[in-house]
Structures are given as C-alpha cells and as structure tokens.
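J.: The structure under discussion is supplied below as structure tokens; questions concerning it will follow.
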Amino acid sequence: MYLHSVVVLLRLLNTSPARGAVTHTLGSSTNLENGYRLSMELSEVMRTTFSCRQWTDEPVDDATIYRILDNARFAPNGGNRQGWHVTVVKDRAIREQFKPLIKPATNQYVAQVAAGEAPWNTIVPSAIDLEAERSIDKNFPGVNEMVEAPAVLVISVDLSVVCSFDSILDRVGVISGASIYPFVWNILLAARQEGLAGVLTTYLSYAEAEVQQLLGLPEHYAVAAMVPLGHPVKQLTKLKRNSVEDFANVDRFDGAPFTA
Ligand SMILES: Cc1cc2nc3c(=O)[nH]c(=O)nc-3n(C[C@H](O)[C@H](O)[C@H](O)COP(=O)(O)O)c2cc1C
C-alpha cells in the first residue's frame with residue numbers, strides 16, 4: 001500500500017548541531033528531541049525542494065556530502081547497474097573553467113526565452129539565429145554563484161551500462177536519463193534533509209568533451225548534471241506547478257482530465 005505521508009527521516013544530529021542544519025531547513029513539522037531531528041512529511045519535502053541558486057557562506061563538510069550520497073545511492077536505475085559517478089569538485093579553479101564552457105549554451109537559452117521559445121527543444125525549429133546568439137554574452141542566473149557554492153557535484157553516468165530502450169527511435173533519447181536523474185533528484189532530497197539546497201543543472205553537458213577532459217572522465221561517461229549545494233539564503237516553500245488536471249487524462253491524451 002502506498003503511504004502518502006511516509007515519515008522521511010530520523011537523523012541523528014549529535015555530531016552536527018554546530019552546522020546548524022535544522023535551523024536552515026525545515027518548517028513547522030521539524031522538532032528536535034533527544035538529539036534527533038524528527039521528520040518532515042514526504043509530501044512536504046516533495047513540494048518544497050526548490051531550485052536554489054544562492055547560498056550563505058556556511059561551509060558544507062565532507063561528512064554531510066557523504067551522508068547525502070549514502071542516501072541518494074538507493075535511487076532506482078535500469079537493471080540496477082548503478083552507472084553513476086560523482087565528482088566532488090572542490091577546486092575553485094576547475095569550477096571557474098566551467099563558466100566559459102557553458103556560456104554558449106546559456107546564451108542560446110536566454111535568447112530563446114526572450115524570443116518566446118522553449119529553449120533547446122528538439123521539436124519546434126527556432127526562429128532566431130542560434131549560432132549567432134550562442135556567441136552573444138548574456139547573464140544567466142546562478143552561474144557565478146555556482147563557482148562560489150559551498151559544494152559542487154558533477155554527476156556522470158556510464159553509458160556502457162545504461163539500458164537505452166529508446167535508442168532505436170528517431171527522436172532525442174529520454175530513457176537513458178531515467179537511469180541517472182532519480183539519483184540526482186535523490187541528492188537534492190537528501191540535501192533538503194540536511195538543511196541544504198541546490199539546483200539540478202544540465203548546461204555542462206553542452207561542453208561534454210571539455211568537461212570529461214577537465215575532470216578526467218572516461219569518454220563513455222555522459223555528463224548528466226552539475227549540482228551546487230549549500231545552505232540556502234532563503235528556503236522557498238511555494239513552488240509554481242500546473243495542477244494534476246492540466247497534465248493527466250483518462251484513457252487517451254485527449255480524454256477527460258483526470259481528477260479525484
Ligand atoms: C532536467 C533539468 C535541467 C535543468 N537545468 C538547469 C540549468 O542548467 N540551470 C539552472 O539554473 N537550472 C536548471 N534546472 C532547474 C529548473 O530551472 C527548475 O527545476 C525549474 O525552473 C523549477 O524551479 P523550482 O523548482 O525552483 O520551482 C534544471 C532542472 C531540470 C529538471
């Protein structure tokens with residue numbers, strides 16, 4: 001039976017009160033009792049794990065990152081082959097080198113949004129000169145902050161073990177991502193538990209070859225995401241999303257909106 005209000009966590013805090021995890025994290029459902037942080041409802045975690053691009057200066061220690069990864073590793077993945085790899089990028093000089101690499105990707109993104117397009121989609125042709133736009137510098141939120149983030153994780157995936165059932169289709173692949181993004185999302189959920197927040201970014205993949213070289217990744221490791229993490233300057237609690245009726249239908253795509 002699906003328990004919609006599963007208690008998510010019971011974490012021992014006796015090693016970490018100084019890090020202030022609790023004070024940064026959780027809302028009214030958080031209690032401290034005998035050194036334990038009591039739970040948030042799973043639904044609350046799912047509804048409030050926002051994309052954070054601004055962090056305080058408070059450092060994030062390796063033990064915390066380790067705990068996050070130790071929880072995230074239970075993510076589902078095709079055939080349980082667990083092709084993920086995490087590079088914990090501590091070296092600011094490496095992070096700095098990411099910036100020019102992703103610039104063309106974010107330049108195009110911003111230009112397409114300004115033109116009213118869904119950026120980087122593979123279905124609707126763009127009406128603007130994408131190549132030209134890639135070389136015109138535009139600001140993209142969070143990129144400078146990423147360099148200074150208390151922690152930066154680059155998540156890659158070993159394509160030699162990923163089951164890509166849609167690789168024979170004449171469209172962009174989506175199934176391969178299903179063997180890595182649940183893991184990435186688990187990182188963000190586990191971070192929330194620690195009082196941290198971050199953002200799933202994908203722009204690094206634009207310069208995959210350069211990133212592979214920079215991080216020493218084998219060629220068959222696809223760069224799936226970069227996740228900067230830290231203590232959020234502000235914890236958002238109201239995320240903007242469409243309603244269930246907007247995306248769920250009965251029996252057919254054009255069937256009646258699914259409702260309860
Ligand atoms: C597949 C994927 C790729 C994303 N890529 C980026 C990115 O490259 N840069 C970035 O700042 N945010 C990125 N995001 C974060 C989205 O912008 C964010 O999830 C969305 O705007 C909703 O924001 P909210 O969760 O704060 O409401 C990405 C999210 C996903 C799921």
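Ordered as shown in the structure tokens, chains take letters A, B, and onward, while each chain numbers its residues from 1 and ligands are numbered from 1 in the order shown.
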Any residue with an atom at most 6 Å from ligand 1 counts, using only C-alpha atoms and all ligand atoms. Which are they? Put them as a PyMOL selection string.
T.: chain A and resi 50-51+142+199-203+239-240
J.: Would you save the residues from that selection as a compact mmCIF listing (two decimals), in the first residue's frame, using C-alpha atoms?
T.:
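Writing the result to result-v5.txt gives the following:
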```
# COMPACT_ATOMS: atom_id res chain seq x y z
CA PHE A 50 13.11 24.12 -4.82
CA SER A 51 15.91 25.18 -7.15
CA GLY A 142 23.28 31.24 -10.72
CA VAL A 199 19.80 23.05 -8.21
CA LEU A 200 19.90 20.39 -10.86
CA THR A 201 21.79 21.98 -13.75
CA THR A 202 22.44 20.37 -17.10
CA TYR A 203 24.26 23.08 -19.04
CA LEU A 239 6.65 26.19 -5.96
CA LYS A 240 4.80 27.06 -9.14
```
J.: As a VMD selection string, list the residues of stretch 43-184 of chain A assigned to helix (DSSP H, G or I) by DSSP on the backbone atoms of this structure.
T.: chain A and resid 43 to 48 62 to 72 78 to 80 92 to 114 130 to 134 143 to 148 176 to 179 181 to 184
J.: What separation in Å, quoted to one decimal, exists between atom CA of A:Pro76 and atom CA of A:Gly230?
T.: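 These two atoms are separated by 25.1 Å.
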J.: Report, in Å to a single decimal, how far apart atom CA of A:Thr64 and atom CA of A:Val147 are.
T.: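 About the pair atom CA of A:Val147 and atom CA of A:Thr64: they are 19.4 Å apart.
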J.: Tell me, as a PyMOL selection string, which residues lie within 12 Å of A:Ile94, counting only C-alpha atoms; anything in the same chain fewer than 6 positions away does not count.
T.: chain A and resi 87-88+100-101+146-148+152-154+210-216
J.: Determine, counting only C-alpha atoms, which protein, DNA and RNA residues have an atom within 8 Å of an atom of A:Thr237; residues of the same chain fewer than 3 positions away are not included. Present the result as an MDAnalysis selection string.
T.: chainID A and resid 47:50
J.: If DSSP is run on the backbone, what residues of stretch 1-220 of chain A are strand (DSSP E or B)? A reply as a list in words would be ideal.
T.: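 Here is the list: Val7, Arg11, Leu12, Leu32, Glu33, Tyr36, Arg37, Glu41, Trp55, Trp84, His85, Val86, Thr87, Val88, Ala151, Val152, Leu153, Val154, Ile155, Ser156, Val157, Asp158, Ala197, Gly198 and Thr201 of chain A.
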J.: What gap, in Å, lies between atom CA of A:Gln193 and atom CA of A:Glu44?
T.: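 We find that atom CA of A:Gln193 and atom CA of A:Glu44 lie 11.3 Å from each other.
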J.: Give me the stretch 82-167 of chain A side of the contact with stretch 57-62 of chain A, cut-off 9 Å, one line per residue showing its nearest atom pair and distance in Å at one decimal, counting only C-alpha atoms, sorted by chain and residue number, as JSON lines.
T.:
```
{"residue": "A:Glu148", "atom": "CA", "partner": "A:Asp57", "partner_atom": "CA", "distance": 8.8}
{"residue": "A:Ala149", "atom": "CA", "partner": "A:Asp57", "partner_atom": "CA", "distance": 8.1}
{"residue": "A:Pro150", "atom": "CA", "partner": "A:Pro59", "partner_atom": "CA", "distance": 5.3}
{"residue": "A:Ala151", "atom": "CA", "partner": "A:Val60", "partner_atom": "CA", "distance": 6.5}
```
